[in-house]
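A.B. asks: PDB, C-alpha atoms, pLDDT in the B column, saved as query-v3.pdb, coming up:
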```
MODEL        1
ATOM      1  CA  MET A1206     -26.977 -30.290   7.796  1.00 39.00           C
ATOM      2  CA  THR A1207     -30.624 -30.619   8.808  1.00 57.00           C
ATOM      3  CA  ASP A1208     -32.220 -27.344   9.822  1.00 81.00           C
ATOM      4  CA  GLN A1209     -33.789 -27.339  13.256  1.00 86.00           C
ATOM      5  CA  SER A1210     -34.904 -24.752  15.786  1.00 89.00           C
ATOM      6  CA  ILE A1211     -36.869 -24.127  18.963  1.00 90.00           C
ATOM      7  CA  ASP A1212     -38.564 -20.738  19.261  1.00 92.00           C
ATOM      8  CA  THR A1213     -40.527 -19.254  22.179  1.00 90.00           C
ATOM      9  CA  PRO A1214     -41.880 -15.804  21.281  1.00 90.00           C
ATOM     10  CA  SER A1215     -41.915 -13.509  24.316  1.00 91.00           C
ATOM     11  CA  ASP A1216     -45.507 -12.363  23.731  1.00 93.00           C
ATOM     12  CA  ASP A1217     -47.170 -15.658  22.729  1.00 95.00           C
ATOM     13  CA  PRO A1218     -47.590 -18.813  24.878  1.00 96.00           C
ATOM     14  CA  VAL A1219     -46.270 -21.105  22.158  1.00 96.00           C
ATOM     15  CA  ILE A1220     -43.248 -23.329  21.589  1.00 95.00           C
ATOM     16  CA  ILE A1221     -42.414 -23.683  17.888  1.00 96.00           C
ATOM     17  CA  ILE A1222     -40.113 -26.563  16.973  1.00 95.00           C
ATOM     18  CA  THR A1223     -38.965 -27.090  13.387  1.00 96.00           C
ATOM     19  CA  ARG A1224     -36.837 -29.681  11.681  1.00 96.00           C
ATOM     20  CA  THR A1225     -36.381 -30.843   8.098  1.00 96.00           C
ATOM     21  CA  PHE A1226     -36.129 -34.548   7.316  1.00 96.00           C
ATOM     22  CA  ASP A1227     -34.865 -36.230   4.149  1.00 95.00           C
ATOM     23  CA  ALA A1228     -38.097 -38.150   3.574  1.00 96.00           C
ATOM     24  CA  PRO A1229     -41.330 -37.502   1.664  1.00 97.00           C
ATOM     25  CA  ARG A1230     -44.256 -35.857   3.395  1.00 97.00           C
ATOM     26  CA  ALA A1231     -46.653 -38.827   3.053  1.00 97.00           C
ATOM     27  CA  LEU A1232     -44.145 -41.104   4.819  1.00 97.00           C
ATOM     28  CA  MET A1233     -43.544 -38.608   7.617  1.00 98.00           C
ATOM     29  CA  PHE A1234     -47.297 -38.208   8.172  1.00 98.00           C
ATOM     30  CA  LYS A1235     -47.654 -42.016   8.360  1.00 97.00           C
ATOM     31  CA  LEU A1236     -44.839 -42.285  10.928  1.00 97.00           C
ATOM     32  CA  PHE A1237     -46.648 -39.813  13.212  1.00 97.00           C
ATOM     33  CA  THR A1238     -50.042 -41.539  12.889  1.00 97.00           C
ATOM     34  CA  ASP A1239     -49.124 -45.230  13.167  1.00 97.00           C
ATOM     35  CA  PRO A1240     -48.299 -46.561  16.657  1.00 96.00           C
ATOM     36  CA  TYR A1241     -46.028 -49.255  15.157  1.00 96.00           C
ATOM     37  CA  HIS A1242     -43.703 -46.490  13.947  1.00 96.00           C
ATOM     38  CA  LEU A1243     -44.249 -43.834  16.615  1.00 95.00           C
ATOM     39  CA  VAL A1244     -43.006 -46.031  19.474  1.00 93.00           C
ATOM     40  CA  ARG A1245     -39.744 -46.575  17.599  1.00 93.00           C
ATOM     41  CA  PHE A1246     -38.704 -42.929  17.715  1.00 93.00           C
ATOM     42  CA  TRP A1247     -40.834 -40.863  20.115  1.00 92.00           C
ATOM     43  CA  GLY A1248     -39.391 -39.699  23.424  1.00 86.00           C
ATOM     44  CA  PRO A1249     -35.870 -39.435  24.776  1.00 84.00           C
ATOM     45  CA  GLU A1250     -33.241 -42.118  24.205  1.00 84.00           C
ATOM     46  CA  GLY A1251     -33.943 -45.183  26.342  1.00 87.00           C
ATOM     47  CA  SER A1252     -37.673 -44.524  26.703  1.00 88.00           C
ATOM     48  CA  THR A1253     -40.236 -47.153  25.685  1.00 90.00           C
ATOM     49  CA  TYR A1254     -44.015 -47.222  25.286  1.00 90.00           C
ATOM     50  CA  PRO A1255     -45.954 -50.052  26.944  1.00 91.00           C
ATOM     51  CA  VAL A1256     -49.127 -48.198  25.844  1.00 92.00           C
ATOM     52  CA  CYS A1257     -49.532 -46.453  22.474  1.00 94.00           C
ATOM     53  CA  GLU A1258     -53.099 -46.259  21.200  1.00 95.00           C
ATOM     54  CA  MET A1259     -54.033 -43.957  18.329  1.00 96.00           C
ATOM     55  CA  ASP A1260     -57.564 -43.477  17.008  1.00 96.00           C
ATOM     56  CA  VAL A1261     -56.483 -41.062  14.277  1.00 97.00           C
ATOM     57  CA  ARG A1262     -59.664 -39.104  13.519  1.00 96.00           C
ATOM     58  CA  PRO A1263     -61.199 -35.922  14.911  1.00 95.00           C
ATOM     59  CA  GLY A1264     -62.497 -36.841  18.385  1.00 91.00           C
ATOM     60  CA  GLY A1265     -60.300 -39.951  18.576  1.00 93.00           C
ATOM     61  CA  GLN A1266     -58.000 -40.548  21.530  1.00 92.00           C
ATOM     62  CA  PHE A1267     -54.208 -40.620  21.447  1.00 93.00           C
ATOM     63  CA  ARG A1268     -52.977 -42.449  24.566  1.00 93.00           C
ATOM     64  CA  LEU A1269     -49.323 -42.936  25.461  1.00 93.00           C
ATOM     65  CA  THR A1270     -47.472 -44.228  28.474  1.00 93.00           C
ATOM     66  CA  MET A1271     -43.775 -43.408  28.360  1.00 91.00           C
ATOM     67  CA  ARG A1272     -41.537 -45.685  30.452  1.00 94.00           C
ATOM     68  CA  PHE A1273     -38.093 -44.455  31.398  1.00 89.00           C
ATOM     69  CA  ALA A1274     -34.950 -46.516  32.025  1.00 88.00           C
ATOM     70  CA  ASP A1275     -35.481 -46.297  35.807  1.00 93.00           C
ATOM     71  CA  GLY A1276     -38.935 -47.932  35.434  1.00 92.00           C
ATOM     72  CA  SER A1277     -40.926 -44.764  36.080  1.00 94.00           C
ATOM     73  CA  GLU A1278     -43.879 -44.138  33.782  1.00 93.00           C
ATOM     74  CA  TYR A1279     -45.540 -41.005  32.415  1.00 90.00           C
ATOM     75  CA  PRO A1280     -49.039 -41.577  30.977  1.00 92.00           C
ATOM     76  CA  THR A1281     -50.636 -38.990  28.696  1.00 90.00           C
ATOM     77  CA  ASN A1282     -53.969 -38.746  26.943  1.00 92.00           C
ATOM     78  CA  SER A1283     -54.874 -36.478  24.057  1.00 93.00           C
ATOM     79  CA  VAL A1284     -57.794 -36.012  21.697  1.00 94.00           C
ATOM     80  CA  TYR A1285     -57.361 -35.369  17.989  1.00 96.00           C
ATOM     81  CA  LEU A1286     -59.027 -32.153  16.845  1.00 96.00           C
ATOM     82  CA  GLU A1287     -58.035 -32.241  13.185  1.00 97.00           C
ATOM     83  CA  ILE A1288     -56.451 -34.758  10.816  1.00 98.00           C
ATOM     84  CA  ALA A1289     -55.591 -33.517   7.304  1.00 98.00           C
ATOM     85  CA  PRO A1290     -53.357 -36.091   5.535  1.00 97.00           C
ATOM     86  CA  PRO A1291     -50.568 -35.552   4.693  1.00 97.00           C
ATOM     87  CA  GLU A1292     -50.292 -31.980   5.881  1.00 97.00           C
ATOM     88  CA  ARG A1293     -51.583 -31.461   9.429  1.00 98.00           C
ATOM     89  CA  ILE A1294     -52.347 -33.097  12.769  1.00 98.00           C
ATOM     90  CA  VAL A1295     -53.908 -31.138  15.641  1.00 98.00           C
ATOM     91  CA  TYR A1296     -54.475 -32.593  19.115  1.00 96.00           C
ATOM     92  CA  ARG A1297     -54.995 -31.388  22.657  1.00 94.00           C
ATOM     93  CA  ASP A1298     -54.434 -32.799  26.126  1.00 90.00           C
ATOM     94  CA  ALA A1299     -57.328 -34.563  27.844  1.00 87.00           C
ATOM     95  CA  PRO A1300     -57.911 -36.124  31.277  1.00 82.00           C
ATOM     96  CA  LEU A1301     -56.581 -39.678  31.529  1.00 82.00           C
ATOM     97  CA  ASP A1302     -59.931 -41.059  32.659  1.00 77.00           C
ATOM     98  CA  ARG A1303     -62.509 -40.638  29.894  1.00 70.00           C
ATOM     99  CA  ARG A1304     -65.315 -41.083  32.442  1.00 70.00           C
ATOM    100  CA  GLN A1305     -64.309 -37.640  33.738  1.00 70.00           C
ATOM    101  CA  TRP A1306     -65.297 -35.990  30.469  1.00 69.00           C
ATOM    102  CA  GLN A1307     -67.491 -38.295  28.343  1.00 67.00           C
ATOM    103  CA  ASP A1308     -68.738 -35.664  25.862  1.00 72.00           C
ATOM    104  CA  THR A1309     -67.272 -32.420  27.224  1.00 79.00           C
ATOM    105  CA  LEU A1310     -63.579 -31.755  27.706  1.00 81.00           C
ATOM    106  CA  PRO A1311     -62.259 -29.178  30.165  1.00 83.00           C
ATOM    107  CA  PRO A1312     -60.254 -26.325  28.619  1.00 83.00           C
ATOM    108  CA  PRO A1313     -56.911 -27.573  27.215  1.00 86.00           C
ATOM    109  CA  ASN A1314     -53.576 -26.981  28.885  1.00 89.00           C
ATOM    110  CA  MET A1315     -51.847 -27.426  25.521  1.00 93.00           C
ATOM    111  CA  VAL A1316     -52.904 -27.716  21.880  1.00 96.00           C
ATOM    112  CA  THR A1317     -50.346 -29.175  19.473  1.00 96.00           C
ATOM    113  CA  THR A1318     -50.363 -28.552  15.730  1.00 98.00           C
ATOM    114  CA  ILE A1319     -47.912 -30.506  13.581  1.00 98.00           C
ATOM    115  CA  LEU A1320     -47.489 -29.281  10.012  1.00 98.00           C
ATOM    116  CA  PHE A1321     -45.802 -31.450   7.393  1.00 98.00           C
ATOM    117  CA  GLU A1322     -44.489 -29.105   4.687  1.00 97.00           C
ATOM    118  CA  ASP A1323     -43.190 -30.423   1.361  1.00 96.00           C
ATOM    119  CA  ALA A1324     -39.623 -29.196   0.887  1.00 94.00           C
ATOM    120  CA  GLY A1325     -38.706 -30.587  -2.522  1.00 93.00           C
ATOM    121  CA  GLY A1326     -38.883 -34.275  -1.615  1.00 92.00           C
ATOM    122  CA  LYS A1327     -37.910 -33.580   1.979  1.00 96.00           C
ATOM    123  CA  THR A1328     -40.339 -32.717   4.777  1.00 97.00           C
ATOM    124  CA  ARG A1329     -40.158 -29.717   7.055  1.00 97.00           C
ATOM    125  CA  ILE A1330     -42.040 -30.418  10.277  1.00 97.00           C
ATOM    126  CA  VAL A1331     -43.287 -27.400  12.193  1.00 97.00           C
ATOM    127  CA  ALA A1332     -44.705 -28.316  15.599  1.00 96.00           C
ATOM    128  CA  SER A1333     -46.515 -25.521  17.429  1.00 96.00           C
ATOM    129  CA  ILE A1334     -47.379 -26.329  21.034  1.00 95.00           C
ATOM    130  CA  ARG A1335     -49.744 -23.672  22.370  1.00 96.00           C
ATOM    131  CA  ALA A1336     -50.027 -23.485  26.163  1.00 95.00           C
ATOM    132  CA  ASN A1337     -52.897 -21.785  27.996  1.00 94.00           C
ATOM    133  CA  SER A1338     -50.522 -19.112  29.377  1.00 94.00           C
ATOM    134  CA  ILE A1339     -46.982 -17.841  28.982  1.00 94.00           C
ATOM    135  CA  ALA A1340     -46.232 -19.103  32.516  1.00 93.00           C
ATOM    136  CA  ALA A1341     -47.374 -22.632  31.549  1.00 93.00           C
ATOM    137  CA  ARG A1342     -45.294 -22.467  28.369  1.00 94.00           C
ATOM    138  CA  ASP A1343     -42.248 -21.301  30.343  1.00 93.00           C
ATOM    139  CA  MET A1344     -42.706 -24.171  32.816  1.00 93.00           C
ATOM    140  CA  ALA A1345     -42.785 -26.678  29.926  1.00 91.00           C
ATOM    141  CA  VAL A1346     -39.617 -25.123  28.520  1.00 91.00           C
ATOM    142  CA  LYS A1347     -37.936 -25.256  31.954  1.00 92.00           C
ATOM    143  CA  MET A1348     -38.859 -28.951  32.256  1.00 90.00           C
ATOM    144  CA  GLY A1349     -37.096 -29.654  28.935  1.00 88.00           C
ATOM    145  CA  PHE A1350     -40.090 -30.121  26.642  1.00 87.00           C
ATOM    146  CA  GLY A1351     -38.306 -28.737  23.576  1.00 87.00           C
ATOM    147  CA  GLN A1352     -35.224 -30.866  24.195  1.00 88.00           C
ATOM    148  CA  MET A1353     -37.428 -33.976  24.501  1.00 88.00           C
ATOM    149  CA  VAL A1354     -38.999 -33.247  21.121  1.00 91.00           C
ATOM    150  CA  MET A1355     -35.565 -32.636  19.585  1.00 91.00           C
ATOM    151  CA  ALA A1356     -34.369 -35.953  21.074  1.00 91.00           C
ATOM    152  CA  SER A1357     -37.382 -37.629  19.432  1.00 93.00           C
ATOM    153  CA  TYR A1358     -36.473 -36.022  16.131  1.00 94.00           C
ATOM    154  CA  ALA A1359     -32.883 -37.295  16.427  1.00 93.00           C
ATOM    155  CA  ARG A1360     -34.264 -40.804  17.026  1.00 93.00           C
ATOM    156  CA  LEU A1361     -36.619 -40.313  14.067  1.00 95.00           C
ATOM    157  CA  GLU A1362     -33.671 -39.363  11.841  1.00 95.00           C
ATOM    158  CA  ALA A1363     -31.947 -42.634  12.801  1.00 94.00           C
ATOM    159  CA  TYR A1364     -35.186 -44.634  12.373  1.00 96.00           C
ATOM    160  CA  LEU A1365     -35.687 -43.279   8.851  1.00 96.00           C
ATOM    161  CA  LYS A1366     -32.382 -44.915   7.848  1.00 95.00           C
ATOM    162  CA  THR A1367     -33.809 -48.338   8.794  1.00 95.00           C
ATOM    163  CA  LEU A1368     -36.877 -48.044   6.545  1.00 91.00           C
TER     164      LEU A1368
ENDMDL
END
```
For this file, produce the structure as structure tokens.
C.D. replies:
Amino acid sequence: MTDQSIDTPSDDPVIIITRTFDAPRALMFKLFTDPYHLVRFWGPEGSTYPVCEMDVRPGGQFRLTMRFADGSEYPTNSVYLEIAPPERIVYRDAPLDRRQWQDTLPPPNMVTTILFEDAGGKTRIVASIRANSIAARDMAVKMGFGQMVMASYARLEAYLKTL
């Protein structure tokens, strides 16, 4: 059984999602930083990505457009803050239109840190999504954010078997 959990501390505006995968850390880091692989497992079942651009370096953009089965789309834009292969990725949300921010970003709504921990040949992923307030975190939880990440991890588990 793969360990997995979603935790939302009452006094901290963070969602902490953990799961252990039967794959080495270097491979797991690569899957999260290569658009070829990411589009094959990220998002809920049935979602696709007509846009997935990753400039994996501090200051680089991470742009995704998720398309759902009904044809609706959800574009997102993030900026990488830290890349430390194979152990850590940190990124934050950013306005979709770079012309709005050129050199200066507004304060983040969410900052995501993904840790890739070696677990004896397996990899324990600890994703910490820090919102700018407990209310914002609770809204993300209510909208199913944690379940979407867990759905992605289930798809990732299946994808690993094809590699």
A.B. asks: If you count all atoms listed in the file, which residues fall within 7 Å of segment 1309-1323 of chain A, apart from same-chain ones fewer than 6 positions away, as number ranges by chain?
C.D. replies: A: 1230, 1234, 1291-1299, 1329-1337
A.B. asks: Output, as JSON, the centre and edge lengths in Å (one decimal) of the axis-aligned box that contains all listed atoms of segment 1288-1296 of chain A with 6 Å of margin on each side.
C.D. replies:
```
{"center_x": -53.4, "center_y": -33.6, "center_z": 11.9, "size_x": 18.2, "size_y": 17.0, "size_z": 26.4}
```
A.B. asks: State, in Å with one decimal place, the distance from atom CA of Leu1365 of chain A to atom CA of Phe1226 of chain A.
C.D. replies: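 Going from atom CA of Leu1365 of chain A over to atom CA of Phe1226 of chain A covers 8.9 Å.
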A.B. asks: Between atom CA of Val1284 of chain A and atom CA of Gln1266 of chain A, what is the spacing in Å?
C.D. replies: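 Computing the Euclidean distance for atom CA of Gln1266 of chain A and atom CA of Val1284 of chain A yields 4.5 Å.
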A.B. asks: Taking 5 positions as the minimum chain separation for residues in the same chain, which residues sit within 9 Å of Gly1326 of chain A when counting all atoms listed in the file? Answer as an MDAnalysis selection string.
C.D. replies: chainID A and resid 1227:1230
A.B. asks: Do you know which residues are at most 7 Å from Phe1246 of chain A counting only C-alpha atoms, after dropping those on the same chain fewer than 5 positions away, and could you put them as a list of chain:residue names?
C.D. replies: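 Near Phe1246 of chain A, the qualifying residues are A:Ser1357, A:Arg1360, A:Leu1361, A:Tyr1364.
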A.B. asks: Just the number, please: distance in Å from atom CA of Pro1290 of chain A to atom CA of Asp1260 of chain A, one decimal.
C.D. replies: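 Distance between the two atoms: 14.3 Å.
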A.B. asks: Report as a PyMOL selection string the full result of the PyMOL selection byres ((chain A and resi 1215) around 12) when it is applied to this structure.
C.D. replies: chain A and resi 1212-1214+1216-1220+1338-1340+1342-1343
A.B. asks: Starting from the displayed file, determine the output of the PyMOL selection byres ((chain A and resi 1239) around 10) and express the residue list as an mmCIF file with C-alpha atoms, in the frame of the given file.
C.D. replies:
```cif
data_model
loop_
_atom_site.group_PDB
_atom_site.id
_atom_site.type_symbol
_atom_site.label_atom_id
_atom_site.label_comp_id
_atom_site.auth_asym_id
_atom_site.auth_seq_id
_atom_site.Cartn_x
_atom_site.Cartn_y
_atom_site.Cartn_z
ATOM 1 C CA PHE A 1234 -47.297 -38.208 8.172
ATOM 2 C CA LYS A 1235 -47.654 -42.016 8.360
ATOM 3 C CA LEU A 1236 -44.839 -42.285 10.928
ATOM 4 C CA PHE A 1237 -46.648 -39.813 13.212
ATOM 5 C CA THR A 1238 -50.042 -41.539 12.889
ATOM 6 C CA PRO A 1240 -48.299 -46.561 16.657
ATOM 7 C CA TYR A 1241 -46.028 -49.255 15.157
ATOM 8 C CA HIS A 1242 -43.703 -46.490 13.947
ATOM 9 C CA LEU A 1243 -44.249 -43.834 16.615
ATOM 10 C CA VAL A 1244 -43.006 -46.031 19.474
ATOM 11 C CA CYS A 1257 -49.532 -46.453 22.474
ATOM 12 C CA GLU A 1258 -53.099 -46.259 21.200
ATOM 13 C CA MET A 1259 -54.033 -43.957 18.329
ATOM 14 C CA ASP A 1260 -57.564 -43.477 17.008
ATOM 15 C CA VAL A 1261 -56.483 -41.062 14.277
#
```
A.B. asks: Go through A:Ala1341, A:Arg1304, A:Pro1263, A:Phe1273 one by one, measure the shortest atom-to-atom distance of each to Tyr1285 of chain A using only C-alpha atoms, and give the residue with the smallest value.
C.D. replies: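 Among A:Ala1341, A:Arg1304, A:Pro1263, A:Phe1273, it is A:Pro1263 that comes nearest to Tyr1285 of chain A.
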A.B. asks: When the PyMOL selection byres ((chain A and resi 1270) around 10) is applied to the file above, which residues end up in the set, as a PyMOL selection string?
C.D. replies: chain A and resi 1252-1258+1268-1269+1271-1273+1278-1282
A.B. asks: List the neighbours of Tyr1358 of chain A out to 9 Å using only C-alpha atoms; skip same-chain residues closer than 4 positions along the sequence, and give me the result as a list in words.
C.D. replies: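 Near Tyr1358 of chain A, the qualifying residues are Arg1224, Phe1226, Phe1246, Trp1247, Gly1248, Met1353, Val1354, Glu1362 and Ala1363 of chain A.
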A.B. asks: Using only C-alpha atoms, find the one residue out of A:Leu1368, A:Leu1301, A:Ile1221, A:Ile1211 that sits nearest to Met1233 of chain A.
C.D. replies: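 Nearest to Met1233 of chain A: A:Leu1368.
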A.B. asks: Would you mind writing segment 1284-1311 of chain A with N, CA and C atoms, as an mmCIF file, in the frame of the given file?
C.D. replies:
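Now in out-v9.cif:
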```
data_model
loop_
_atom_site.group_PDB
_atom_site.id
_atom_site.type_symbol
_atom_site.label_atom_id
_atom_site.label_comp_id
_atom_site.auth_asym_id
_atom_site.auth_seq_id
_atom_site.Cartn_x
_atom_site.Cartn_y
_atom_site.Cartn_z
ATOM 1 N N VAL A 1284 -56.674 -35.829 22.610
ATOM 2 C CA VAL A 1284 -57.794 -36.012 21.697
ATOM 3 C C VAL A 1284 -57.439 -35.283 20.406
ATOM 4 N N TYR A 1285 -57.598 -35.994 19.293
ATOM 5 C CA TYR A 1285 -57.361 -35.369 17.989
ATOM 6 C C TYR A 1285 -58.478 -34.370 17.686
ATOM 7 N N LEU A 1286 -58.077 -33.188 17.245
ATOM 8 C CA LEU A 1286 -59.027 -32.153 16.845
ATOM 9 C C LEU A 1286 -59.157 -32.081 15.326
ATOM 10 N N GLU A 1287 -58.043 -32.331 14.647
ATOM 11 C CA GLU A 1287 -58.035 -32.241 13.185
ATOM 12 C C GLU A 1287 -56.992 -33.202 12.626
ATOM 13 N N ILE A 1288 -57.360 -33.882 11.551
ATOM 14 C CA ILE A 1288 -56.451 -34.758 10.816
ATOM 15 C C ILE A 1288 -56.613 -34.390 9.345
ATOM 16 N N ALA A 1289 -55.548 -33.910 8.710
ATOM 17 C CA ALA A 1289 -55.591 -33.517 7.304
ATOM 18 C C ALA A 1289 -54.389 -34.125 6.581
ATOM 19 N N PRO A 1290 -54.493 -35.426 6.190
ATOM 20 C CA PRO A 1290 -53.357 -36.091 5.535
ATOM 21 C C PRO A 1290 -53.002 -35.402 4.211
ATOM 22 N N PRO A 1291 -51.753 -35.291 3.873
ATOM 23 C CA PRO A 1291 -50.568 -35.552 4.693
ATOM 24 C C PRO A 1291 -49.988 -34.270 5.274
ATOM 25 N N GLU A 1292 -50.850 -33.284 5.533
ATOM 26 C CA GLU A 1292 -50.292 -31.980 5.881
ATOM 27 C C GLU A 1292 -50.421 -31.523 7.323
ATOM 28 N N ARG A 1293 -51.384 -32.047 8.098
ATOM 29 C CA ARG A 1293 -51.583 -31.461 9.429
ATOM 30 C C ARG A 1293 -52.235 -32.445 10.393
ATOM 31 N N ILE A 1294 -51.752 -32.379 11.642
ATOM 32 C CA ILE A 1294 -52.347 -33.097 12.769
ATOM 33 C C ILE A 1294 -52.506 -32.077 13.890
ATOM 34 N N VAL A 1295 -53.686 -32.031 14.497
ATOM 35 C CA VAL A 1295 -53.908 -31.138 15.641
ATOM 36 C C VAL A 1295 -54.515 -31.978 16.757
ATOM 37 N N TYR A 1296 -53.921 -31.890 17.953
ATOM 38 C CA TYR A 1296 -54.475 -32.593 19.115
ATOM 39 C C TYR A 1296 -54.291 -31.758 20.361
ATOM 40 N N ARG A 1297 -55.045 -32.095 21.382
ATOM 41 C CA ARG A 1297 -54.995 -31.388 22.657
ATOM 42 C C ARG A 1297 -54.937 -32.395 23.785
ATOM 43 N N ASP A 1298 -54.468 -31.942 24.951
ATOM 44 C CA ASP A 1298 -54.434 -32.799 26.126
ATOM 45 C C ASP A 1298 -55.858 -33.059 26.615
ATOM 46 N N ALA A 1299 -56.021 -34.193 27.290
ATOM 47 C CA ALA A 1299 -57.328 -34.563 27.844
ATOM 48 C C ALA A 1299 -57.091 -35.331 29.140
ATOM 49 N N PRO A 1300 -58.062 -35.325 30.048
ATOM 50 C CA PRO A 1300 -57.911 -36.124 31.277
ATOM 51 C C PRO A 1300 -57.676 -37.595 30.932
ATOM 52 N N LEU A 1301 -56.893 -38.270 31.762
ATOM 53 C CA LEU A 1301 -56.581 -39.678 31.529
ATOM 54 C C LEU A 1301 -57.818 -40.569 31.583
ATOM 55 N N ASP A 1302 -58.737 -40.241 32.469
ATOM 56 C CA ASP A 1302 -59.931 -41.059 32.659
ATOM 57 C C ASP A 1302 -61.086 -40.475 31.849
ATOM 58 N N ARG A 1303 -61.447 -41.159 30.774
ATOM 59 C CA ARG A 1303 -62.509 -40.638 29.894
ATOM 60 C C ARG A 1303 -63.833 -40.464 30.637
ATOM 61 N N ARG A 1304 -64.067 -41.235 31.684
ATOM 62 C CA ARG A 1304 -65.315 -41.083 32.442
ATOM 63 C C ARG A 1304 -65.431 -39.683 33.040
ATOM 64 N N GLN A 1305 -64.285 -39.005 33.203
ATOM 65 C CA GLN A 1305 -64.309 -37.640 33.738
ATOM 66 C C GLN A 1305 -64.885 -36.647 32.741
ATOM 67 N N TRP A 1306 -64.884 -36.992 31.446
ATOM 68 C CA TRP A 1306 -65.297 -35.990 30.469
ATOM 69 C C TRP A 1306 -66.295 -36.467 29.438
ATOM 70 N N GLN A 1307 -66.520 -37.747 29.304
ATOM 71 C CA GLN A 1307 -67.491 -38.295 28.343
ATOM 72 C C GLN A 1307 -67.623 -37.464 27.073
ATOM 73 N N ASP A 1308 -68.485 -36.455 27.068
ATOM 74 C CA ASP A 1308 -68.738 -35.664 25.862
ATOM 75 C C ASP A 1308 -68.134 -34.267 25.912
ATOM 76 N N THR A 1309 -67.762 -33.789 27.087
ATOM 77 C CA THR A 1309 -67.272 -32.420 27.224
ATOM 78 C C THR A 1309 -65.901 -32.420 27.876
ATOM 79 N N LEU A 1310 -64.933 -31.866 27.178
ATOM 80 C CA LEU A 1310 -63.579 -31.755 27.706
ATOM 81 C C LEU A 1310 -63.411 -30.451 28.465
ATOM 82 N N PRO A 1311 -62.603 -30.453 29.526
ATOM 83 C CA PRO A 1311 -62.259 -29.178 30.165
ATOM 84 C C PRO A 1311 -61.363 -28.378 29.212
#
```
